[in-house]
$ cat start20.cif   # mmCIF, C-alpha atoms and all ligand atoms
data_protein
#
loop_
_atom_site.group_PDB
_atom_site.id
_atom_site.type_symbol
_atom_site.label_atom_id
_atom_site.label_comp_id
_atom_site.auth_asym_id
_atom_site.auth_seq_id
_atom_site.Cartn_x
_atom_site.Cartn_y
_atom_site.Cartn_z
ATOM 1 C CA MET A 1 0.047 -2.319 12.721
ATOM 2 C CA ASN A 2 2.128 -3.316 9.722
ATOM 3 C CA LYS A 3 3.438 -6.865 10.018
ATOM 4 C CA PHE A 4 6.312 -7.765 7.768
ATOM 5 C CA GLY A 5 10.007 -8.041 7.314
ATOM 6 C CA GLY A 6 12.879 -9.106 9.423
ATOM 7 C CA ILE A 7 16.190 -7.477 10.217
ATOM 8 C CA TRP A 8 16.228 -5.863 6.748
ATOM 9 C CA THR A 9 13.287 -3.636 7.702
ATOM 10 C CA PHE A 10 15.326 -2.259 10.565
ATOM 11 C CA GLU A 11 18.453 -1.799 8.386
ATOM 12 C CA LYS A 12 16.534 0.032 5.682
ATOM 13 C CA ILE A 13 14.974 2.477 8.126
ATOM 14 C CA ARG A 14 18.335 3.079 9.811
ATOM 15 C CA ILE A 15 19.970 3.918 6.475
ATOM 16 C CA LEU A 16 17.152 6.313 5.635
ATOM 17 C CA GLU A 17 17.248 7.984 9.047
ATOM 18 C CA LYS A 18 21.038 8.497 8.878
ATOM 19 C CA TYR A 19 20.690 9.980 5.412
ATOM 20 C CA ALA A 20 17.844 12.294 6.463
ATOM 21 C CA LYS A 21 19.977 13.608 9.335
ATOM 22 C CA ALA A 22 22.938 14.229 7.004
ATOM 23 C CA TYR A 23 20.588 15.915 4.504
ATOM 24 C CA LEU A 24 19.161 18.209 7.167
ATOM 25 C CA GLU A 25 22.657 18.991 8.435
ATOM 26 C CA ILE A 26 23.588 20.291 4.974
ATOM 27 C CA MET A 27 20.282 22.105 4.576
ATOM 28 C CA LYS A 28 20.519 23.887 7.924
ATOM 29 C CA ASP A 29 22.962 26.299 6.275
ATOM 30 C CA ARG A 30 20.606 26.775 3.329
ATOM 31 C CA PRO A 31 17.465 28.171 4.973
ATOM 32 C CA TYR A 32 16.319 29.613 1.632
ATOM 33 C CA TRP A 33 15.377 26.068 0.521
ATOM 34 C CA LYS A 34 11.990 24.818 1.657
ATOM 35 C CA LEU A 35 12.187 21.107 2.288
ATOM 36 C CA ILE A 36 9.634 18.404 1.581
ATOM 37 C CA TYR A 37 9.826 14.915 2.990
ATOM 38 C CA PHE A 38 7.735 12.585 0.814
ATOM 39 C CA ASP A 39 6.998 9.008 1.867
ATOM 40 C CA GLY A 40 5.066 7.027 -0.763
ATOM 41 C CA PHE A 41 4.413 3.837 1.241
ATOM 42 C CA ALA A 42 4.150 5.165 4.730
ATOM 43 C CA GLY A 43 2.619 2.240 6.655
ATOM 44 C CA SER A 44 0.697 2.501 9.903
ATOM 45 C CA GLY A 45 3.319 3.915 12.268
ATOM 46 C CA ASP A 46 4.820 0.878 13.962
ATOM 47 C CA ILE A 47 6.035 -2.379 12.438
ATOM 48 C CA GLU A 48 6.035 -5.890 13.817
ATOM 49 C CA VAL A 49 9.122 -7.665 12.502
ATOM 50 C CA ASP A 50 10.030 -11.356 12.644
ATOM 51 C CA GLY A 51 12.503 -12.736 15.181
ATOM 52 C CA VAL A 52 16.194 -11.810 15.546
ATOM 53 C CA MET A 53 15.776 -8.545 17.423
ATOM 54 C CA ASP A 54 15.169 -7.994 21.139
ATOM 55 C CA ASP A 55 12.069 -5.960 20.475
ATOM 56 C CA ASN A 56 9.824 -7.133 17.653
ATOM 57 C CA ILE A 57 7.972 -3.843 17.424
ATOM 58 C CA ILE A 58 9.934 -1.058 15.779
ATOM 59 C CA HIS A 59 8.958 2.470 14.839
ATOM 60 C CA GLY A 60 8.244 2.842 11.145
ATOM 61 C CA ALA A 61 10.210 5.273 9.010
ATOM 62 C CA ALA A 62 7.509 7.953 9.212
ATOM 63 C CA LYS A 63 7.731 8.248 12.981
ATOM 64 C CA LYS A 64 11.536 8.264 12.883
ATOM 65 C CA ILE A 65 11.714 11.072 10.339
ATOM 66 C CA VAL A 66 9.062 13.263 11.966
ATOM 67 C CA SER A 67 10.883 12.836 15.293
ATOM 68 C CA ILE A 68 14.130 14.373 14.003
ATOM 69 C CA GLN A 69 14.313 17.786 15.723
ATOM 70 C CA GLU A 70 17.843 18.893 14.959
ATOM 71 C CA PRO A 71 19.571 20.434 13.012
ATOM 72 C CA ARG A 72 16.431 21.602 11.226
ATOM 73 C CA LEU A 73 12.973 20.354 10.301
ATOM 74 C CA PHE A 74 11.424 19.622 6.958
ATOM 75 C CA ASP A 75 8.836 22.275 6.050
ATOM 76 C CA ILE A 76 6.368 19.704 4.744
ATOM 77 C CA TYR A 77 6.034 16.031 5.669
ATOM 78 C CA TYR A 78 3.847 14.247 3.148
ATOM 79 C CA PHE A 79 2.842 10.655 3.813
ATOM 80 C CA VAL A 80 0.999 8.441 1.351
ATOM 81 C CA GLU A 81 -0.603 5.185 2.472
ATOM 82 C CA LEU A 82 -3.173 3.462 0.266
ATOM 83 C CA ASN A 83 -4.826 1.536 3.092
ATOM 84 C CA LYS A 84 -7.243 3.920 4.819
ATOM 85 C CA LYS A 85 -7.096 2.188 8.205
ATOM 86 C CA LYS A 86 -3.299 2.307 8.232
ATOM 87 C CA ALA A 87 -3.298 5.934 7.078
ATOM 88 C CA ASP A 88 -5.684 6.867 9.917
ATOM 89 C CA SER A 89 -3.539 5.024 12.444
ATOM 90 C CA LEU A 90 -0.401 6.751 11.121
ATOM 91 C CA LYS A 91 -2.082 10.147 11.430
ATOM 92 C CA VAL A 92 -2.918 9.489 15.102
ATOM 93 C CA THR A 93 0.659 8.340 15.776
ATOM 94 C CA LEU A 94 2.309 11.275 14.023
ATOM 95 C CA ASP A 95 -0.027 13.813 15.654
ATOM 96 C CA GLN A 96 1.584 12.871 18.966
ATOM 97 C CA VAL A 97 4.996 13.896 17.600
ATOM 98 C CA ARG A 98 4.183 16.912 15.449
ATOM 99 C CA LYS A 99 1.072 18.363 13.828
ATOM 100 C CA SER A 100 2.252 21.342 11.876
ATOM 101 C CA GLY A 101 3.331 20.653 8.295
ATOM 102 C CA VAL A 102 2.415 16.950 8.518
ATOM 103 C CA PHE A 103 -0.012 15.518 5.933
ATOM 104 C CA VAL A 104 -1.212 11.928 5.633
ATOM 105 C CA VAL A 105 -3.231 10.967 2.558
ATOM 106 C CA SER A 106 -4.808 7.666 1.674
ATOM 107 C CA GLU A 107 -4.013 7.355 -2.033
ATOM 108 C CA ASP A 108 -1.894 5.479 -4.543
ATOM 109 C CA CYS A 109 1.803 6.361 -4.423
ATOM 110 C CA ASN A 110 1.973 6.416 -8.242
ATOM 111 C CA LYS A 111 -0.514 9.246 -8.415
ATOM 112 C CA LYS A 112 1.232 11.138 -5.648
ATOM 113 C CA LEU A 113 4.686 10.780 -7.216
ATOM 114 C CA ILE A 114 3.260 12.445 -10.313
ATOM 115 C CA ASP A 115 1.685 15.159 -8.133
ATOM 116 C CA LEU A 116 5.081 15.670 -6.473
ATOM 117 C CA ALA A 117 6.760 16.004 -9.876
ATOM 118 C CA ASN A 118 4.105 18.497 -11.008
ATOM 119 C CA PHE A 119 4.504 20.510 -7.811
ATOM 120 C CA LEU A 120 8.299 20.619 -8.152
ATOM 121 C CA SER A 121 8.172 21.527 -11.821
ATOM 122 C CA ILE A 122 6.393 24.724 -10.752
ATOM 123 C CA ASN A 123 8.072 25.292 -7.366
ATOM 124 C CA GLY A 124 11.478 23.662 -7.893
ATOM 125 C CA LYS A 125 13.334 26.957 -7.434
ATOM 126 C CA THR A 126 12.088 27.169 -3.853
ATOM 127 C CA TYR A 127 11.563 23.535 -2.815
ATOM 128 C CA LYS A 128 13.746 20.450 -2.575
ATOM 129 C CA ALA A 129 12.446 17.008 -1.688
ATOM 130 C CA LEU A 130 13.728 13.911 -0.004
ATOM 131 C CA ALA A 131 11.550 10.992 -1.101
ATOM 132 C CA PHE A 132 11.312 7.489 0.292
ATOM 133 C CA VAL A 133 9.574 4.859 -1.804
ATOM 134 C CA ASP A 134 9.234 1.644 0.141
ATOM 135 C CA PRO A 135 6.827 -0.797 -1.500
ATOM 136 C CA CYS A 136 6.342 -4.427 -0.474
ATOM 137 C CA GLY A 137 6.294 -5.583 -4.089
ATOM 138 C CA MET A 138 5.881 -4.255 -7.621
ATOM 139 C CA GLU A 139 3.458 -1.415 -6.833
ATOM 140 C CA VAL A 140 5.660 1.319 -8.301
ATOM 141 C CA ASN A 141 5.081 1.951 -12.001
ATOM 142 C CA TRP A 142 8.156 2.985 -13.921
ATOM 143 C CA ASN A 143 6.261 5.923 -15.467
ATOM 144 C CA SER A 144 5.753 7.510 -12.039
ATOM 145 C CA VAL A 145 9.489 7.370 -11.261
ATOM 146 C CA ALA A 146 10.325 8.694 -14.731
ATOM 147 C CA ARG A 147 8.308 11.838 -14.015
ATOM 148 C CA LEU A 148 10.971 12.879 -11.468
ATOM 149 C CA LYS A 149 13.486 13.579 -14.238
ATOM 150 C CA ASN A 150 15.369 16.865 -13.655
ATOM 151 C CA MET A 151 13.553 17.449 -10.366
ATOM 152 C CA PRO A 152 15.340 18.501 -7.166
ATOM 153 C CA VAL A 153 14.605 15.167 -5.493
ATOM 154 C CA ASP A 154 16.783 12.725 -3.621
ATOM 155 C CA LEU A 155 14.994 9.405 -3.984
ATOM 156 C CA TRP A 156 15.557 6.375 -1.781
ATOM 157 C CA ILE A 157 13.879 3.483 -3.539
ATOM 158 C CA LEU A 158 13.407 -0.138 -2.575
ATOM 159 C CA VAL A 159 13.391 -2.451 -5.580
ATOM 160 C CA PRO A 160 11.965 -5.958 -5.016
ATOM 161 C CA THR A 161 14.643 -7.612 -7.190
ATOM 162 C CA GLY A 162 14.372 -11.045 -5.543
ATOM 163 C CA LEU A 163 10.585 -11.085 -5.279
ATOM 164 C CA GLY A 164 7.795 -10.301 -7.787
ATOM 165 C CA PRO A 165 9.797 -9.637 -10.959
ATOM 166 C CA ASN A 166 12.073 -12.611 -10.425
ATOM 167 C CA ARG A 167 9.083 -14.906 -9.836
ATOM 168 C CA MET A 168 7.135 -13.595 -12.815
ATOM 169 C CA LEU A 169 10.119 -14.248 -15.044
ATOM 170 C CA THR A 170 9.388 -17.978 -15.174
ATOM 171 C CA ARG A 171 12.117 -20.517 -15.927
ATOM 172 C CA ASN A 172 10.862 -21.465 -19.378
ATOM 173 C CA GLY A 173 9.796 -17.968 -20.420
ATOM 174 C CA GLU A 174 6.124 -18.915 -20.605
ATOM 175 C CA ILE A 175 4.638 -15.867 -18.928
ATOM 176 C CA PRO A 176 0.901 -15.108 -18.745
ATOM 177 C CA ASP A 177 -0.148 -11.847 -20.449
ATOM 178 C CA SER A 178 -1.251 -10.301 -17.132
ATOM 179 C CA TRP A 179 2.273 -10.878 -15.727
ATOM 180 C CA PHE A 180 3.861 -9.439 -18.838
ATOM 181 C CA SER A 181 1.822 -6.272 -18.537
ATOM 182 C CA LYS A 182 2.827 -6.002 -14.850
ATOM 183 C CA LEU A 183 6.508 -6.499 -15.779
ATOM 184 C CA GLU A 184 6.238 -3.916 -18.572
ATOM 185 C CA LYS A 185 4.698 -1.368 -16.190
ATOM 186 C CA PHE A 186 7.314 -2.084 -13.545
ATOM 187 C CA PHE A 187 10.418 -1.935 -15.769
ATOM 188 C CA GLY A 188 9.075 0.534 -18.334
ATOM 189 C CA ILE A 189 10.279 -1.624 -21.206
ATOM 190 C CA SER A 190 8.557 -3.771 -23.841
ATOM 191 C CA LYS A 191 7.791 -7.474 -23.674
ATOM 192 C CA GLU A 192 10.397 -8.094 -26.410
ATOM 193 C CA LEU A 193 13.105 -6.291 -24.454
ATOM 194 C CA ILE A 194 12.163 -8.174 -21.282
ATOM 195 C CA MET A 195 12.551 -11.458 -23.164
ATOM 196 C CA SER A 196 15.906 -10.551 -24.708
ATOM 197 C CA THR A 197 17.232 -9.231 -21.382
ATOM 198 C CA PHE A 198 16.324 -12.211 -19.242
ATOM 199 C CA TYR A 199 16.236 -15.173 -21.607
ATOM 200 C CA THR A 200 18.505 -16.990 -24.017
ATOM 201 C CA LYS A 201 17.142 -18.951 -26.956
ATOM 202 C CA LEU A 202 18.901 -22.223 -27.534
ATOM 203 C CA GLU A 203 18.487 -24.047 -30.829
ATOM 204 C CA THR A 204 18.737 -27.821 -30.530
ATOM 205 C CA ILE A 205 18.234 -30.665 -33.006
ATOM 206 C CA ASP A 206 16.303 -33.642 -31.690
ATOM 207 C CA LEU A 207 16.823 -37.332 -32.390
ATOM 208 C CA PHE A 208 14.882 -37.137 -35.669
ATOM 209 C CA GLY A 209 16.683 -34.057 -36.934
ATOM 210 C CA GLU A 210 13.940 -31.592 -36.036
ATOM 211 C CA LYS A 211 14.943 -28.143 -34.841
ATOM 212 C CA ARG A 212 13.728 -27.098 -31.393
ATOM 213 C CA ILE A 213 14.010 -23.734 -29.700
ATOM 214 C CA GLU A 214 14.548 -23.931 -25.974
ATOM 215 C CA VAL A 215 14.057 -20.760 -23.931
ATOM 216 C CA LEU A 216 16.269 -20.516 -20.847
ATOM 217 C CA LYS A 217 16.111 -17.948 -18.072
ATOM 218 C CA ASN A 218 19.363 -16.177 -17.269
ATOM 219 C CA THR A 219 20.899 -17.826 -14.202
ATOM 220 C CA LYS A 220 21.772 -14.468 -12.610
ATOM 221 C CA ALA A 221 18.281 -13.018 -12.898
ATOM 222 C CA ILE A 222 18.320 -11.017 -9.635
ATOM 223 C CA GLU A 223 21.585 -9.346 -10.618
ATOM 224 C CA LYS A 224 20.116 -8.600 -14.062
ATOM 225 C CA ILE A 225 16.966 -7.113 -12.548
ATOM 226 C CA LYS A 226 19.112 -4.881 -10.344
ATOM 227 C CA GLN A 227 21.237 -3.853 -13.303
ATOM 228 C CA LEU A 228 18.256 -3.145 -15.542
ATOM 229 C CA TYR A 229 16.487 -1.081 -12.876
ATOM 230 C CA THR A 230 19.687 0.825 -12.074
ATOM 231 C CA ASN A 231 20.189 1.619 -15.755
ATOM 232 C CA LYS A 232 16.606 2.850 -15.993
ATOM 233 C CA ILE A 233 17.066 5.031 -12.896
ATOM 234 C CA LYS A 234 20.190 6.506 -14.503
ATOM 235 C CA GLU A 235 17.975 7.733 -17.362
ATOM 236 C CA VAL A 236 16.142 9.873 -14.779
ATOM 237 C CA PHE A 237 18.808 10.848 -12.252
ATOM 238 C CA LYS A 238 22.444 11.798 -12.817
ATOM 239 C CA PHE A 239 23.816 9.748 -9.928
ATOM 240 C CA VAL A 240 22.859 6.463 -8.290
ATOM 241 C CA SER A 241 24.401 5.044 -5.120
ATOM 242 C CA ASN A 242 25.692 1.538 -4.637
ATOM 243 C CA PRO A 243 22.804 -0.665 -3.604
ATOM 244 C CA TYR A 244 22.248 -2.074 -0.140
ATOM 245 C CA GLU A 245 21.128 -5.680 -0.434
ATOM 246 C CA LEU A 246 18.317 -6.667 1.883
ATOM 247 C CA GLU A 247 18.403 -10.385 2.585
ATOM 248 C CA ASN A 248 16.082 -12.747 4.406
ATOM 249 C CA SER A 249 17.238 -15.066 7.209
ATOM 250 C CA THR A 250 18.505 -17.635 4.674
ATOM 251 C CA HIS A 251 20.587 -14.945 2.897
ATOM 252 C CA CYS A 252 18.404 -14.795 -0.199
ATOM 253 C CA ILE A 253 18.281 -11.302 -1.674
ATOM 254 C CA MET A 254 14.793 -9.811 -1.424
ATOM 255 C CA TYR A 255 15.379 -6.185 -2.294
ATOM 256 C CA HIS A 256 18.011 -3.723 -3.432
ATOM 257 C CA PHE A 257 17.804 -0.329 -1.753
ATOM 258 C CA PHE A 258 19.544 2.705 -3.170
ATOM 259 C CA LEU A 259 19.584 6.473 -3.529
ATOM 260 C CA ALA A 260 19.137 8.306 -6.823
ATOM 261 C CA SER A 261 19.876 12.013 -7.042
ATOM 262 C CA ASN A 262 21.041 14.767 -9.351
ATOM 263 C CA ASN A 263 23.507 15.800 -6.687
ATOM 264 C CA LYS A 264 26.863 14.020 -6.547
ATOM 265 C CA THR A 265 27.474 14.811 -2.870
ATOM 266 C CA ALA A 266 24.139 13.215 -1.977
ATOM 267 C CA VAL A 267 25.261 9.941 -3.528
ATOM 268 C CA THR A 268 28.695 10.141 -1.888
ATOM 269 C CA ILE A 269 26.966 10.470 1.499
ATOM 270 C CA ALA A 270 24.598 7.589 0.692
ATOM 271 C CA ASN A 271 27.510 5.359 -0.349
ATOM 272 C CA ASP A 272 29.274 6.128 2.906
ATOM 273 C CA ILE A 273 26.187 5.227 4.957
ATOM 274 C CA ILE A 274 25.671 2.028 2.954
ATOM 275 C CA ARG A 275 29.338 1.010 3.363
ATOM 276 C CA LYS A 276 29.216 1.599 7.129
ATOM 277 C CA THR A 277 25.938 -0.313 7.457
ATOM 278 C CA LYS A 278 27.470 -3.261 5.593
ATOM 279 C CA ASN A 279 30.539 -3.089 7.835
ATOM 280 C CA GLU A 280 28.341 -3.148 10.937
ATOM 281 C CA LYS A 281 26.561 -6.186 9.582
ATOM 282 C CA TYR A 282 29.381 -8.222 8.057
ATOM 283 C CA GLY A 283 32.488 -6.956 9.881
ATOM 284 C CA THR A 284 34.865 -4.120 9.219
ATOM 285 C CA ASN A 285 36.617 -5.695 6.223
ATOM 286 C CA PHE A 286 33.517 -5.531 4.090
ATOM 287 C CA ASN A 287 33.590 -2.948 1.295
HETATM 288 C C1 LIG B 1 6.644 -1.962 3.215
HETATM 289 S S1 LIG B 1 5.215 -1.177 3.801
HETATM 290 C C2 LIG B 1 5.811 0.382 4.243
HETATM 291 C C3 LIG B 1 6.443 0.468 5.585
HETATM 292 C C4 LIG B 1 6.768 1.861 5.993
HETATM 293 N N1 LIG B 1 7.693 2.507 5.089
HETATM 294 C C5 LIG B 1 7.315 1.887 7.400
HETATM 295 O O1 LIG B 1 8.483 2.242 7.624
HETATM 296 O O2 LIG B 1 6.549 1.526 8.296
HETATM 297 C C6 LIG B 1 4.264 -0.840 2.406
HETATM 298 C C7 LIG B 1 2.981 -0.090 2.695
HETATM 299 O O3 LIG B 1 2.500 0.427 1.471
HETATM 300 C C8 LIG B 1 1.082 0.357 1.444
HETATM 301 N N2 LIG B 1 0.712 0.351 0.018
HETATM 302 C C9 LIG B 1 0.566 -0.705 -0.816
HETATM 303 N N3 LIG B 1 0.316 -0.293 -2.071
HETATM 304 C C10 LIG B 1 0.343 1.061 -2.051
HETATM 305 C C11 LIG B 1 0.210 2.069 -3.040
HETATM 306 N N4 LIG B 1 -0.010 1.740 -4.322
HETATM 307 N N5 LIG B 1 0.318 3.359 -2.677
HETATM 308 C C12 LIG B 1 0.552 3.694 -1.379
HETATM 309 N N6 LIG B 1 0.675 2.787 -0.388
HETATM 310 C C13 LIG B 1 0.592 1.488 -0.715
HETATM 311 C C14 LIG B 1 0.749 -0.905 2.217
HETATM 312 O O4 LIG B 1 -0.541 -0.812 2.786
HETATM 313 C C15 LIG B 1 1.866 -0.937 3.266
HETATM 314 O O5 LIG B 1 1.432 -0.341 4.469
#

$ encode --input "start20.cif" --output "C-alpha cells" --more "lines below"
Ligand SMILES: C[S@@+](CC[C@H](N)C(=O)[O-])C[C@H]1O[C@@H](n2cnc3c(N)ncnc32)[C@H](O)[C@@H]1O
Amino acid sequence: MNKFGGIWTFEKIRILEKYAKAYLEIMKDRPYWKLIYFDGFAGSGDIEVDGVMDDNIIHGAAKKIVSIQEPRLFDIYYFVELNKKKADSLKVTLDQVRKSGVFVVSEDCNKKLIDLANFLSINGKTYKALAFVDPCGMEVNWNSVARLKNMPVDLWILVPTGLGPNRMLTRNGEIPDSWFSKLEKFFGISKELIMSTFYTKLETIDLFGEKRIEVLKNTKAIEKIKQLYTNKIKEVFKFVSNPYELENSTHCIMYHFFLASNNKTAVTIANDIIRKTKNEKYGTNFN
C-alpha cells in the first residue's frame, strides 16, 4: 500500500473525482468521442494517510475513477506505476471493479506521456484524454509535458513547489551540478535562467574597499516556482486553472495542483471545483 500524505491527498483526489464526473457528464452527449483516462503515477490502489481523518486508509485516485459508472465510462483507462509490486497490486484491485478497457503498466510516466502524445497526434480526431499526473517529487520532466502541446488533453498536474525544487534552490545559490541538471530537466529552462529567476546578486564593498558579490535567494521562492511553472504550462496549453494549494499540517505549502487544457470551459469547471473545495476547507468567505 502507498503510505504518504495527509489531508491534502484526500483533497486532491476529491477535486480530481469531481472534475472527472463533470467531464463525463459533458461527454455523455458526445458519444462520438472515445475517451482515455491516463494516470501517470497510479500508486497501489489504497493509500495510508497520516492522522486527521477518521479512516486512515483511503481509496487511491485510480480506484475512484474506475468506479465511476454514470453518466458514461471512459473507453480506455491507462495506469502507469513505475514500481512493479505496486502496479501488480493496483491491477488486482482494479480487476475487482472493472476489467474491460483497464490497463496497468509498470513504466516511467515520462515515457508514457510521450507515448500518449504520439497516440493522440495520430488519433486526436477520435480520442480525447483526461490525464492525472501525481508525482511525489520532481519525477516529471518538462520535455514530457511539453509534448502535449496542441493535444486534446485535460491535464491535472501536481507540482511540488514547496518540496524538491525549493530545497535544491539553496539559500546562497551554491547548487551542485547534479541538482542543477535536475532543476533544468524539471523546469525546462537553462541554469542561467534559473539563477536569474530565483536569485539576486548584491554588490557590496567590504571594510578594505574590496567588491564582493553576494547571491541571495528570492524570499518568495515557492510563489516564484508556481509562477514559473504556470508560465511554462501556458506555453503548452491555452488555459490554466487557478491552483489549489496543498498544505501540510503546519500550513506550509507542499504542492500546487491545477488543470491545464485547451478548452476554456474545462478550466471554468476546474476553477469552480477548486473554489468550492477551498470554501469547504476555509469557510464560505474564501475566494
Ligand atoms: C503520489 S503517489 C501516487 C498516488 C496515486 N495517484 C493514488 O491516488 O494513489 C506516486 C506514485 O508514483 C510512483 N512513481 C514514482 N516515480 C514514477 C515514475 N517515474 N513513473 C511512474 N510512477 C512513478 C511511486 O511508486 C508512487 O506509487

$ resolve_selection --input "start20.cif" --expression "the PyMOL selection byres (((chain A and resi 146) around 10) and not hetatm)" --output "list in words"
Leu113, Ile114, Ala117, Asn141, Trp142, Asn143, Ser144, Val145, Arg147, Leu148, Lys149, Asn150, Gly188, Lys232, Ile233, Glu235, Val236 and Phe237 of chain A

$ closest_residue --input "start20.cif" --among "A:Gln227, A:Gln69, A:Trp156, A:Lys238" --to "Leu259 of chain A" --atoms "all atoms listed in the file"
A:Trp156

$ resolve_selection --input "start20.cif" --expression "the PyMOL selection byres (((not hetatm)) within 8 of (chain B and resi 1))" --output "number ranges by chain"
A: 2, 4, 9, 13, 39-47, 59-62, 80-83, 86, 106-110, 132-136, 139-140

$ resolve_selection --input "start20.cif" --expression "the PyMOL selection byres (((chain A and resi 266-282) around 10) and not hetatm)" --output "JSON, numbers by chain"
{"A": [11, 12, 14, 15, 16, 18, 19, 22, 23, 26, 154, 156, 238, 239, 240, 241, 242, 243, 244, 245, 257, 258, 259, 260, 261, 262, 263, 264, 265, 283, 284, 285, 286, 287]}

$ atom_distance --input "start20.cif" --atom1 "atom CA of Glu214 of chain A" --atom2 "atom CA of Cys252 of chain A"
27.6 Å

$ closest_atom_pairs --input "start20.cif" --of "segment 195-261 of chain A" --to "segment 163-174 of chain A" --cutoff "6 Å" --atoms "only C-alpha atoms" --output "JSON lines"
{"residue": "A:Val215", "atom": "CA", "partner": "A:Asn172", "partner_atom": "CA", "distance": 5.6}
{"residue": "A:Leu216", "atom": "CA", "partner": "A:Asn172", "partner_atom": "CA", "distance": 5.7}
{"residue": "A:Lys217", "atom": "CA", "partner": "A:Arg171", "partner_atom": "CA", "distance": 5.2}
{"residue": "A:Met254", "atom": "CA", "partner": "A:Leu163", "partner_atom": "CA", "distance": 5.8}

$ atom_distance --input "start20.cif" --atom1 "atom CA of Ala87 of chain A" --atom2 "atom CA of Val104 of chain A"
6.5 Å

$ closest_residue --input "start20.cif" --among "A:Phe119, A:Phe103, A:Trp8, A:Phe208" --to "Asn248 of chain A" --atoms "only C-alpha atoms"
A:Trp8
